[in-house]
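Visitor: This is work.txt, which holds compact mmCIF, all heavy atoms:
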# COMPACT_ATOMS: atom_id res chain seq x y z
N MET A 1 14.98 -63.26 29.46
CA MET A 1 14.34 -62.89 28.22
C MET A 1 14.19 -64.15 27.37
O MET A 1 15.11 -64.94 27.25
CB MET A 1 15.20 -61.83 27.50
CG MET A 1 14.46 -61.18 26.39
SD MET A 1 15.38 -59.87 25.55
CE MET A 1 15.66 -58.72 26.86
N ALA A 2 13.04 -64.33 26.74
CA ALA A 2 12.76 -65.52 25.93
C ALA A 2 13.47 -65.44 24.58
O ALA A 2 13.79 -64.36 24.09
CB ALA A 2 11.25 -65.64 25.71
N LYS A 3 13.70 -66.62 23.98
CA LYS A 3 14.28 -66.69 22.64
C LYS A 3 13.21 -67.16 21.67
O LYS A 3 12.37 -67.98 22.01
CB LYS A 3 15.45 -67.67 22.61
CG LYS A 3 16.65 -67.18 23.38
CD LYS A 3 17.82 -68.11 23.16
CE LYS A 3 19.03 -67.57 23.93
NZ LYS A 3 20.22 -68.33 23.63
N TYR A 4 13.29 -66.64 20.44
CA TYR A 4 12.29 -66.96 19.42
C TYR A 4 12.98 -67.32 18.11
O TYR A 4 14.02 -66.77 17.77
CB TYR A 4 11.38 -65.75 19.17
CG TYR A 4 10.55 -65.39 20.37
CD1 TYR A 4 11.05 -64.54 21.35
CD2 TYR A 4 9.27 -65.91 20.52
CE1 TYR A 4 10.28 -64.20 22.46
CE2 TYR A 4 8.51 -65.59 21.63
CZ TYR A 4 9.01 -64.74 22.59
OH TYR A 4 8.27 -64.42 23.70
N THR A 5 12.37 -68.24 17.38
CA THR A 5 12.76 -68.51 16.00
C THR A 5 11.83 -67.69 15.12
O THR A 5 10.62 -67.71 15.30
CB THR A 5 12.59 -70.01 15.66
OG1 THR A 5 13.45 -70.76 16.50
CG2 THR A 5 12.91 -70.28 14.21
N VAL A 6 12.42 -66.94 14.19
CA VAL A 6 11.65 -66.07 13.30
C VAL A 6 11.90 -66.52 11.87
O VAL A 6 13.05 -66.75 11.47
CB VAL A 6 12.08 -64.59 13.47
CG1 VAL A 6 11.25 -63.70 12.59
CG2 VAL A 6 12.00 -64.17 14.92
N ARG A 7 10.83 -66.65 11.09
CA ARG A 7 10.95 -67.03 9.69
C ARG A 7 10.53 -65.86 8.81
O ARG A 7 9.49 -65.25 9.03
CB ARG A 7 10.08 -68.26 9.41
CG ARG A 7 10.63 -69.47 10.15
CD ARG A 7 9.82 -70.73 9.93
NE ARG A 7 10.41 -71.81 10.69
CZ ARG A 7 10.11 -72.09 11.95
NH1 ARG A 7 9.22 -71.37 12.61
NH2 ARG A 7 10.70 -73.09 12.58
N PHE A 8 11.38 -65.57 7.83
CA PHE A 8 11.19 -64.41 6.95
C PHE A 8 10.98 -64.86 5.51
O PHE A 8 11.52 -65.88 5.09
CB PHE A 8 12.45 -63.52 6.92
CG PHE A 8 12.85 -62.94 8.24
CD1 PHE A 8 13.86 -63.52 8.99
CD2 PHE A 8 12.25 -61.80 8.72
CE1 PHE A 8 14.26 -62.98 10.19
CE2 PHE A 8 12.64 -61.24 9.93
CZ PHE A 8 13.65 -61.83 10.66
N TYR A 9 10.25 -64.05 4.75
CA TYR A 9 10.32 -64.08 3.29
C TYR A 9 11.30 -62.98 2.94
O TYR A 9 11.12 -61.83 3.37
CB TYR A 9 8.97 -63.78 2.64
CG TYR A 9 8.05 -64.97 2.54
CD1 TYR A 9 6.82 -64.95 3.16
CD2 TYR A 9 8.41 -66.09 1.80
CE1 TYR A 9 5.97 -66.03 3.06
CE2 TYR A 9 7.57 -67.18 1.70
CZ TYR A 9 6.34 -67.14 2.34
OH TYR A 9 5.51 -68.21 2.25
N CYS A 10 12.35 -63.32 2.18
CA CYS A 10 13.35 -62.30 1.90
C CYS A 10 14.03 -62.56 0.55
O CYS A 10 13.88 -63.61 -0.05
CB CYS A 10 14.38 -62.24 3.01
SG CYS A 10 15.34 -63.75 3.20
N LEU A 11 14.77 -61.56 0.13
CA LEU A 11 15.57 -61.63 -1.09
C LEU A 11 17.02 -61.74 -0.69
O LEU A 11 17.52 -60.94 0.10
CB LEU A 11 15.36 -60.38 -1.94
CG LEU A 11 16.15 -60.28 -3.23
CD1 LEU A 11 15.72 -61.40 -4.19
CD2 LEU A 11 15.93 -58.93 -3.87
N VAL A 12 17.69 -62.78 -1.21
CA VAL A 12 19.10 -63.02 -0.90
C VAL A 12 19.88 -62.96 -2.20
O VAL A 12 19.48 -63.55 -3.20
CB VAL A 12 19.30 -64.41 -0.24
CG1 VAL A 12 20.77 -64.69 0.01
CG2 VAL A 12 18.50 -64.50 1.05
N GLU A 13 20.99 -62.24 -2.19
CA GLU A 13 21.85 -62.15 -3.37
C GLU A 13 23.18 -62.83 -3.09
O GLU A 13 23.73 -62.68 -2.00
CB GLU A 13 22.10 -60.70 -3.75
CG GLU A 13 20.88 -59.99 -4.24
CD GLU A 13 21.16 -58.56 -4.68
OE1 GLU A 13 22.31 -58.09 -4.55
OE2 GLU A 13 20.22 -57.90 -5.15
N ALA A 14 23.68 -63.57 -4.10
CA ALA A 14 24.98 -64.21 -3.99
C ALA A 14 25.69 -64.07 -5.33
O ALA A 14 25.05 -64.04 -6.38
CB ALA A 14 24.83 -65.69 -3.64
N VAL A 15 27.01 -64.00 -5.30
CA VAL A 15 27.82 -63.97 -6.52
C VAL A 15 28.48 -65.34 -6.65
O VAL A 15 29.14 -65.80 -5.71
CB VAL A 15 28.89 -62.86 -6.45
CG1 VAL A 15 29.78 -62.91 -7.67
CG2 VAL A 15 28.22 -61.50 -6.31
N VAL A 16 28.26 -66.00 -7.79
CA VAL A 16 28.86 -67.31 -8.04
C VAL A 16 29.56 -67.29 -9.39
O VAL A 16 29.20 -66.52 -10.27
CB VAL A 16 27.80 -68.45 -8.01
CG1 VAL A 16 27.17 -68.57 -6.64
CG2 VAL A 16 26.73 -68.24 -9.05
N GLU A 17 30.57 -68.14 -9.54
CA GLU A 17 31.26 -68.28 -10.81
C GLU A 17 30.74 -69.52 -11.52
O GLU A 17 30.66 -70.59 -10.90
CB GLU A 17 32.76 -68.39 -10.59
CG GLU A 17 33.38 -67.12 -10.06
CD GLU A 17 34.90 -67.22 -9.93
OE1 GLU A 17 35.50 -68.10 -10.56
OE2 GLU A 17 35.46 -66.40 -9.20
N ALA A 18 30.39 -69.35 -12.80
CA ALA A 18 29.85 -70.48 -13.56
C ALA A 18 30.06 -70.24 -15.05
O ALA A 18 30.34 -69.12 -15.48
CB ALA A 18 28.36 -70.63 -13.26
N GLU A 19 29.90 -71.30 -15.81
CA GLU A 19 30.05 -71.24 -17.27
C GLU A 19 28.77 -70.74 -17.95
O GLU A 19 28.83 -70.21 -19.05
CB GLU A 19 30.40 -72.63 -17.81
CG GLU A 19 31.71 -73.19 -17.29
CD GLU A 19 32.92 -72.48 -17.87
OE1 GLU A 19 32.86 -72.06 -19.03
OE2 GLU A 19 33.92 -72.35 -17.14
N SER A 20 27.59 -70.93 -17.31
CA SER A 20 26.32 -70.58 -17.95
C SER A 20 25.24 -70.36 -16.89
O SER A 20 25.41 -70.72 -15.73
CB SER A 20 25.88 -71.71 -18.89
OG SER A 20 25.58 -72.87 -18.12
N ASN A 21 24.11 -69.81 -17.35
CA ASN A 21 22.97 -69.65 -16.46
C ASN A 21 22.48 -70.99 -15.92
O ASN A 21 22.09 -71.10 -14.76
CB ASN A 21 21.81 -68.95 -17.18
CG ASN A 21 22.07 -67.50 -17.44
OD1 ASN A 21 22.99 -66.90 -16.88
ND2 ASN A 21 21.26 -66.91 -18.30
N GLU A 22 22.48 -72.00 -16.78
CA GLU A 22 22.03 -73.33 -16.36
C GLU A 22 22.90 -73.88 -15.25
O GLU A 22 22.41 -74.50 -14.30
CB GLU A 22 22.01 -74.29 -17.56
CG GLU A 22 20.95 -73.98 -18.60
CD GLU A 22 21.37 -72.85 -19.55
OE1 GLU A 22 22.58 -72.50 -19.63
OE2 GLU A 22 20.46 -72.30 -20.20
N GLN A 23 24.20 -73.67 -15.35
CA GLN A 23 25.11 -74.13 -14.31
C GLN A 23 24.84 -73.40 -12.99
O GLN A 23 24.88 -74.02 -11.92
CB GLN A 23 26.57 -73.94 -14.74
CG GLN A 23 27.55 -74.57 -13.78
CD GLN A 23 29.00 -74.39 -14.22
OE1 GLN A 23 29.32 -73.48 -14.98
NE2 GLN A 23 29.86 -75.26 -13.72
N VAL A 24 24.53 -72.14 -13.07
CA VAL A 24 24.21 -71.37 -11.85
C VAL A 24 22.96 -71.96 -11.20
O VAL A 24 22.92 -72.18 -9.99
CB VAL A 24 23.99 -69.88 -12.17
CG1 VAL A 24 23.46 -69.15 -10.94
CG2 VAL A 24 25.27 -69.25 -12.66
N LEU A 25 21.93 -72.23 -12.00
CA LEU A 25 20.70 -72.81 -11.45
C LEU A 25 20.98 -74.16 -10.79
O LEU A 25 20.45 -74.45 -9.71
CB LEU A 25 19.65 -72.96 -12.54
CG LEU A 25 19.12 -71.64 -13.11
CD1 LEU A 25 18.18 -71.90 -14.28
CD2 LEU A 25 18.43 -70.82 -12.03
N ASP A 26 21.82 -74.98 -11.40
CA ASP A 26 22.19 -76.27 -10.81
C ASP A 26 22.97 -76.07 -9.51
O ASP A 26 22.74 -76.77 -8.52
CB ASP A 26 23.02 -77.10 -11.78
CG ASP A 26 22.22 -77.59 -12.97
OD1 ASP A 26 20.97 -77.61 -12.88
OD2 ASP A 26 22.85 -77.95 -13.99
N MET A 27 23.88 -75.10 -9.49
CA MET A 27 24.70 -74.84 -8.31
C MET A 27 23.86 -74.36 -7.13
O MET A 27 24.19 -74.60 -5.98
CB MET A 27 25.76 -73.78 -8.62
CG MET A 27 26.83 -74.24 -9.57
SD MET A 27 27.88 -72.86 -10.12
CE MET A 27 28.54 -72.26 -8.58
N CYS A 28 22.77 -73.66 -7.42
CA CYS A 28 21.95 -73.06 -6.37
C CYS A 28 20.69 -73.86 -6.06
O CYS A 28 19.80 -73.38 -5.36
CB CYS A 28 21.59 -71.64 -6.75
SG CYS A 28 23.04 -70.57 -6.86
N ASP A 29 20.62 -75.08 -6.56
CA ASP A 29 19.49 -75.96 -6.25
C ASP A 29 19.50 -76.24 -4.75
O ASP A 29 20.45 -76.79 -4.21
CB ASP A 29 19.64 -77.26 -7.04
CG ASP A 29 18.52 -78.24 -6.79
OD1 ASP A 29 17.77 -78.09 -5.81
OD2 ASP A 29 18.40 -79.19 -7.59
N LEU A 30 18.45 -75.84 -4.07
CA LEU A 30 18.40 -75.96 -2.61
C LEU A 30 18.39 -77.40 -2.13
O LEU A 30 18.65 -77.67 -0.96
CB LEU A 30 17.19 -75.21 -2.05
CG LEU A 30 17.21 -73.70 -2.28
CD1 LEU A 30 15.95 -73.07 -1.72
CD2 LEU A 30 18.44 -73.08 -1.65
N ASN A 31 18.10 -78.36 -3.02
CA ASN A 31 18.17 -79.78 -2.66
C ASN A 31 19.61 -80.29 -2.65
O ASN A 31 19.88 -81.34 -2.10
CB ASN A 31 17.33 -80.62 -3.62
CG ASN A 31 15.87 -80.30 -3.52
OD1 ASN A 31 15.32 -80.23 -2.42
ND2 ASN A 31 15.24 -80.07 -4.65
N VAL A 32 20.52 -79.52 -3.26
CA VAL A 32 21.91 -79.95 -3.40
C VAL A 32 22.87 -79.01 -2.67
O VAL A 32 23.82 -79.44 -2.04
CB VAL A 32 22.30 -80.00 -4.90
CG1 VAL A 32 23.74 -80.40 -5.09
CG2 VAL A 32 21.37 -80.93 -5.66
N CYS A 33 22.60 -77.73 -2.75
CA CYS A 33 23.52 -76.70 -2.29
C CYS A 33 23.18 -76.24 -0.88
O CYS A 33 22.01 -76.08 -0.54
CB CYS A 33 23.44 -75.52 -3.25
SG CYS A 33 24.41 -74.10 -2.76
N ASP A 34 24.21 -75.99 -0.08
CA ASP A 34 24.03 -75.33 1.21
C ASP A 34 24.27 -73.84 0.98
O ASP A 34 25.41 -73.38 0.93
CB ASP A 34 25.00 -75.88 2.24
CG ASP A 34 24.83 -75.27 3.61
OD1 ASP A 34 23.98 -74.36 3.77
OD2 ASP A 34 25.55 -75.69 4.53
N VAL A 35 23.20 -73.10 0.80
CA VAL A 35 23.30 -71.67 0.47
C VAL A 35 24.09 -70.91 1.53
O VAL A 35 24.75 -69.92 1.23
CB VAL A 35 21.90 -71.06 0.28
CG1 VAL A 35 21.97 -69.57 0.02
CG2 VAL A 35 21.18 -71.75 -0.86
N ASN A 36 24.05 -71.37 2.75
CA ASN A 36 24.79 -70.69 3.82
C ASN A 36 26.29 -70.68 3.58
O ASN A 36 27.01 -69.85 4.13
CB ASN A 36 24.49 -71.32 5.18
CG ASN A 36 23.07 -71.07 5.60
OD1 ASN A 36 22.56 -69.97 5.47
ND2 ASN A 36 22.42 -72.10 6.10
N LYS A 37 26.79 -71.60 2.75
CA LYS A 37 28.23 -71.66 2.44
C LYS A 37 28.62 -70.67 1.35
O LYS A 37 29.80 -70.40 1.16
CB LYS A 37 28.63 -73.08 2.05
CG LYS A 37 28.56 -74.04 3.21
CD LYS A 37 29.04 -75.41 2.83
CE LYS A 37 28.95 -76.35 4.02
NZ LYS A 37 29.32 -77.72 3.65
N LEU A 38 27.64 -70.12 0.62
CA LEU A 38 27.93 -69.12 -0.40
C LEU A 38 28.05 -67.75 0.26
O LEU A 38 27.27 -67.43 1.17
CB LEU A 38 26.78 -69.05 -1.42
CG LEU A 38 26.53 -70.25 -2.31
CD1 LEU A 38 25.27 -70.02 -3.14
CD2 LEU A 38 27.72 -70.50 -3.22
N PRO A 39 28.98 -66.93 -0.20
CA PRO A 39 28.98 -65.55 0.28
C PRO A 39 27.69 -64.89 -0.19
O PRO A 39 27.39 -64.90 -1.38
CB PRO A 39 30.20 -64.92 -0.39
CG PRO A 39 30.96 -66.03 -1.02
CD PRO A 39 30.05 -67.20 -1.13
N HIS A 40 26.90 -64.38 0.72
CA HIS A 40 25.60 -63.84 0.33
C HIS A 40 25.23 -62.64 1.21
O HIS A 40 25.82 -62.42 2.25
CB HIS A 40 24.52 -64.91 0.44
CG HIS A 40 24.30 -65.42 1.84
ND1 HIS A 40 25.12 -66.38 2.40
CD2 HIS A 40 23.40 -65.09 2.78
CE1 HIS A 40 24.70 -66.62 3.63
NE2 HIS A 40 23.66 -65.84 3.90
N THR A 41 24.22 -61.91 0.72
CA THR A 41 23.71 -60.75 1.43
C THR A 41 22.19 -60.80 1.39
O THR A 41 21.60 -61.06 0.33
CB THR A 41 24.17 -59.45 0.74
OG1 THR A 41 25.59 -59.43 0.69
CG2 THR A 41 23.67 -58.22 1.48
N ILE A 42 21.56 -60.58 2.54
CA ILE A 42 20.11 -60.43 2.57
C ILE A 42 19.85 -58.98 2.19
O ILE A 42 20.23 -58.06 2.91
CB ILE A 42 19.53 -60.76 3.94
CG1 ILE A 42 19.83 -62.22 4.29
CG2 ILE A 42 18.03 -60.47 3.99
CD1 ILE A 42 19.48 -62.61 5.71
N THR A 43 19.21 -58.77 1.03
CA THR A 43 19.04 -57.41 0.53
C THR A 43 17.67 -56.82 0.84
O THR A 43 17.51 -55.61 0.80
CB THR A 43 19.27 -57.35 -0.99
OG1 THR A 43 18.35 -58.24 -1.63
CG2 THR A 43 20.69 -57.72 -1.34
N GLU A 44 16.70 -57.68 1.15
CA GLU A 44 15.37 -57.17 1.43
C GLU A 44 14.59 -58.19 2.23
O GLU A 44 14.61 -59.37 1.91
CB GLU A 44 14.64 -56.90 0.10
CG GLU A 44 13.28 -56.32 0.23
CD GLU A 44 12.66 -56.05 -1.14
OE1 GLU A 44 13.40 -55.71 -2.08
OE2 GLU A 44 11.44 -56.20 -1.25
N ILE A 45 13.91 -57.74 3.27
CA ILE A 45 13.00 -58.62 4.02
C ILE A 45 11.59 -58.15 3.70
O ILE A 45 11.23 -57.00 3.96
CB ILE A 45 13.28 -58.56 5.53
CG1 ILE A 45 14.66 -59.14 5.81
CG2 ILE A 45 12.21 -59.34 6.30
CD1 ILE A 45 15.10 -59.04 7.27
N ASP A 46 10.79 -59.04 3.11
CA ASP A 46 9.45 -58.69 2.69
C ASP A 46 8.42 -58.85 3.80
O ASP A 46 7.48 -58.08 3.89
CB ASP A 46 9.01 -59.53 1.49
CG ASP A 46 9.86 -59.24 0.26
OD1 ASP A 46 10.20 -58.06 0.06
OD2 ASP A 46 10.18 -60.18 -0.48
N ASP A 47 8.60 -59.89 4.62
CA ASP A 47 7.57 -60.17 5.60
C ASP A 47 8.12 -61.12 6.67
O ASP A 47 8.99 -61.93 6.41
CB ASP A 47 6.38 -60.83 4.92
CG ASP A 47 5.10 -60.77 5.72
OD1 ASP A 47 5.08 -60.10 6.78
OD2 ASP A 47 4.11 -61.39 5.29
N VAL A 48 7.59 -60.99 7.86
CA VAL A 48 7.82 -61.98 8.91
C VAL A 48 6.62 -62.92 8.84
O VAL A 48 5.48 -62.48 8.98
CB VAL A 48 7.91 -61.32 10.30
CG1 VAL A 48 8.03 -62.38 11.38
CG2 VAL A 48 9.08 -60.36 10.36
N VAL A 49 6.87 -64.19 8.56
CA VAL A 49 5.76 -65.11 8.34
C VAL A 49 5.42 -65.97 9.54
O VAL A 49 4.32 -66.49 9.64
CB VAL A 49 6.02 -66.01 7.11
CG1 VAL A 49 6.02 -65.18 5.85
CG2 VAL A 49 7.29 -66.79 7.25
N GLU A 50 6.39 -66.11 10.45
CA GLU A 50 6.12 -66.97 11.61
C GLU A 50 7.08 -66.64 12.73
O GLU A 50 8.25 -66.35 12.49
CB GLU A 50 6.26 -68.44 11.20
CG GLU A 50 5.85 -69.43 12.26
CD GLU A 50 5.91 -70.86 11.77
OE1 GLU A 50 6.21 -71.11 10.58
OE2 GLU A 50 5.66 -71.75 12.58
N VAL A 51 6.59 -66.70 13.94
CA VAL A 51 7.42 -66.52 15.13
C VAL A 51 7.01 -67.60 16.10
O VAL A 51 5.83 -67.83 16.34
CB VAL A 51 7.19 -65.13 15.78
CG1 VAL A 51 8.01 -65.00 17.05
CG2 VAL A 51 7.50 -64.02 14.81
N GLU A 52 8.02 -68.31 16.64
CA GLU A 52 7.70 -69.32 17.66
C GLU A 52 8.76 -69.30 18.74
O GLU A 52 9.95 -69.10 18.47
CB GLU A 52 7.53 -70.70 17.04
CG GLU A 52 8.77 -71.47 16.75
CD GLU A 52 8.52 -72.83 16.12
OE1 GLU A 52 7.67 -72.92 15.20
OE2 GLU A 52 9.18 -73.79 16.53
N GLU A 53 8.34 -69.48 19.94
CA GLU A 53 9.25 -69.49 21.07
C GLU A 53 10.09 -70.77 21.04
O GLU A 53 9.58 -71.83 20.76
CB GLU A 53 8.48 -69.39 22.39
CG GLU A 53 9.36 -69.08 23.56
CD GLU A 53 8.59 -68.67 24.80
OE1 GLU A 53 7.35 -68.63 24.75
OE2 GLU A 53 9.25 -68.38 25.80
N VAL A 54 11.37 -70.62 21.32
CA VAL A 54 12.30 -71.76 21.31
C VAL A 54 12.17 -72.50 22.61
O VAL A 54 12.06 -71.95 23.65
CB VAL A 54 13.76 -71.28 21.10
CG1 VAL A 54 14.72 -72.47 21.15
CG2 VAL A 54 13.87 -70.55 19.79
Take the structure from the file and write it as structure tokens.
Guide:
Amino acid sequence: MAKYTVRFYCLVEAVVEAESNEQVLDMCDLNVCDVNKLPHTITEIDDVVEVEEV
């Protein structure tokens, strides 16, 4: 059976501790933060945008 990489548009929720909204935005900057290290939940998948065979 073949393997595929699938790319989704989705909504992800995470709970973080911070002093302010601005600090949360800084903490979740995708250029700085590895979102995979945050406890998170994929709450909604809107669309499959791409599929490619590995």
Visitor: Please report the interatomic distance between atom CA of A:Glu53 and atom CE2 of A:Phe8 in Å with one decimal.
Guide: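 Atom-to-atom, atom CA of A:Glu53 to atom CE2 of A:Phe8, that is 14.3 Å.
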Visitor: Find the spatial neighbours of stretch 40-50 of chain A, counting all heavy atoms, within a cut-off of 4 Å - ignore same-chain residues fewer than 6 positions away - and output them as a ChimeraX atom specification.
Guide: /A:5-13
Visitor: Can you measure atom O of A:Tyr4 to atom CD2 of A:Leu38 for me? One decimal in Å is fine.
Guide: 25.3 Å
Visitor: Atom CB of A:Leu30 and atom O of A:Val15 are how many Å apart?
Guide: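 Between atom CB of A:Leu30 and atom O of A:Val15 the gap works out to 15.6 Å.
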Visitor: Looking only at the backbone, which of the residues in chain A does DSSP tag as strand (DSSP E), as a list in words?
Guide: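 Reading the DSSP output for chain A, strand (DSSP E) covers Tyr4, Thr5, Val6, Arg7, Phe8, Tyr9, Cys10, Leu11, Val12, Glu13, Ala14, His40, Thr41, Ile42, Thr43, Glu44, Ile45, Asp46, Asp47, Val48, Val49, Glu50, Val51, Glu52 and Glu53 of chain A.
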Visitor: From chain A, collect each residue whose DSSP state is helix (DSSP H, G or I) and return the set as a list of chain:residue names.
Guide: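 Put together, the selection reads A:Asn21, A:Glu22, A:Gln23, A:Val24, A:Leu25, A:Asp26, A:Met27, A:Val35, A:Asn36, A:Lys37.
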Visitor: Quick one: residues within 4.5 Å of A:Ala18, all atoms listed in the file, excluding same-chain residues fewer than 3 positions away - as a PyMOL selection string?
Guide: chain A and resi 23-24+27
